[in-house]
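Undergrad: Structure in structure tokens, see below.
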Amino acid sequence: MKIPPSISIGGQEVEIVVEKDLAEYGLFCLDDMRITLRSADTDIMVSTLRHEMMHAAFAIGGIAHCKPF
């Protein structure tokens, strides 16, 4: 699978960036509407992208910081 340059989550366009020297496997920034992935094996990047997409969906949906969540 090729990592796309962006993806729509909850009606919002989220940019996807791949960086070589990222300390974490991946990050989602709600302010920038960006998922940043560390350059790695494709399987790892796809798994990390799915994980960060969940963070993005929760944040965009407004439940990322709810007390019960």
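Identifiers in this document derive from the order of the structure tokens: chains are assigned A, B, ..., residues are numbered from 1 separately in each chain, and ligands are numbered from 1 in order of occurrence.
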List the neighbours of Glu52 in chain A out to 7 Å using only C-alpha atoms; skip same-chain residues closer than 5 positions along the sequence, and give me the result as a list in words.
TA: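 Near Glu52 in chain A, the qualifying residues are Gly26, Leu27, Phe28 and Ile35 of chain A.
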Undergrad: Select from chain A everything DSSP, run on the backbone, classes as strand (DSSP E or B), then give the selection as a list of chain:residue names.
TA: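 Residues of chain A classed as strand (DSSP E or B): A:Ser6, A:Ile7, A:Ser8, A:Ile9, A:Gln12, A:Glu13, A:Val14, A:Glu15, A:Ile16, A:Val17, A:Val18, A:Glu19, A:Gly26, A:Leu27, A:Phe28, A:Cys29, A:Arg34, A:Ile35, A:Thr36, A:Leu37, A:Arg38.
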Undergrad: Only N, CA and C atoms, please: the residues just picked out, written as a short mmCIF file (atom, residue, chain, number, x, y, z; two decimals), in the first residue's frame.
TA:
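Ended up saving to part.cif:
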```cif
data_model
loop_
_atom_site.label_atom_id
_atom_site.label_comp_id
_atom_site.auth_asym_id
_atom_site.auth_seq_id
_atom_site.Cartn_x
_atom_site.Cartn_y
_atom_site.Cartn_z
N SER A 6 -2.94 12.74 1.66
CA SER A 6 -3.96 13.26 2.58
C SER A 6 -5.12 12.27 2.64
N ILE A 7 -5.99 12.50 3.62
CA ILE A 7 -7.16 11.63 3.79
C ILE A 7 -8.27 12.45 4.43
N SER A 8 -9.49 12.12 4.13
CA SER A 8 -10.63 12.81 4.71
C SER A 8 -11.11 12.03 5.93
N ILE A 9 -11.20 12.74 7.06
CA ILE A 9 -11.68 12.13 8.31
C ILE A 9 -12.74 13.06 8.88
N GLN A 12 -13.11 16.39 7.26
CA GLN A 12 -11.95 17.28 7.31
C GLN A 12 -10.79 16.65 6.55
N GLU A 13 -10.08 17.45 5.80
CA GLU A 13 -8.92 16.97 5.06
C GLU A 13 -7.71 16.98 5.99
N VAL A 14 -7.08 15.81 6.15
CA VAL A 14 -5.91 15.67 7.02
C VAL A 14 -4.71 15.33 6.14
N GLU A 15 -3.70 16.18 6.22
CA GLU A 15 -2.46 15.97 5.46
C GLU A 15 -1.66 14.84 6.10
N ILE A 16 -0.97 14.06 5.28
CA ILE A 16 -0.10 12.98 5.78
C ILE A 16 1.31 13.27 5.30
N VAL A 17 2.23 13.35 6.26
CA VAL A 17 3.63 13.66 5.98
C VAL A 17 4.50 12.54 6.51
N VAL A 18 5.53 12.16 5.76
CA VAL A 18 6.48 11.14 6.21
C VAL A 18 7.82 11.83 6.46
N GLU A 19 8.38 11.62 7.67
CA GLU A 19 9.67 12.20 8.05
C GLU A 19 10.64 11.11 8.45
N GLY A 26 4.47 7.87 15.02
CA GLY A 26 3.55 8.77 14.35
C GLY A 26 2.93 9.76 15.31
N LEU A 27 2.42 10.86 14.76
CA LEU A 27 1.77 11.91 15.55
C LEU A 27 0.58 12.46 14.77
N PHE A 28 -0.44 12.91 15.51
CA PHE A 28 -1.52 13.66 14.89
C PHE A 28 -1.57 15.02 15.55
N CYS A 29 -1.63 16.07 14.74
CA CYS A 29 -1.75 17.44 15.26
C CYS A 29 -3.08 18.01 14.78
N ARG A 34 -2.73 17.46 10.59
CA ARG A 34 -1.64 16.71 9.95
C ARG A 34 -1.31 15.46 10.75
N ILE A 35 -1.12 14.37 10.03
CA ILE A 35 -0.57 13.14 10.59
C ILE A 35 0.87 13.06 10.08
N THR A 36 1.81 12.90 10.99
CA THR A 36 3.21 12.75 10.62
C THR A 36 3.63 11.33 10.97
N LEU A 37 4.23 10.64 10.02
CA LEU A 37 4.69 9.27 10.20
C LEU A 37 6.21 9.20 10.10
N ARG A 38 6.81 8.31 10.89
CA ARG A 38 8.24 8.06 10.73
C ARG A 38 8.44 7.13 9.53
#
```
Undergrad: I need the residues in chain A that are helix (DSSP H, G or I) according to DSSP; give them as an MDAnalysis selection string.
TA: chainID A and resid 42:61
Undergrad: So that I can see what lies close to Met45 in chain A, please list as a PyMOL selection string the residues with an atom at most 10 Å from it, counting only C-alpha atoms and leaving out residues fewer than 3 positions away in the same chain.
TA: chain A and resi 1-3+18+25-26+37-42+48-51
Undergrad: When you draw a straight line from CA of Phe58 in chain A to CA of Gly10 in chain A, how long is it in Å?
TA: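 For CA of Phe58 in chain A relative to CA of Gly10 in chain A, the distance reads 9.5 Å.
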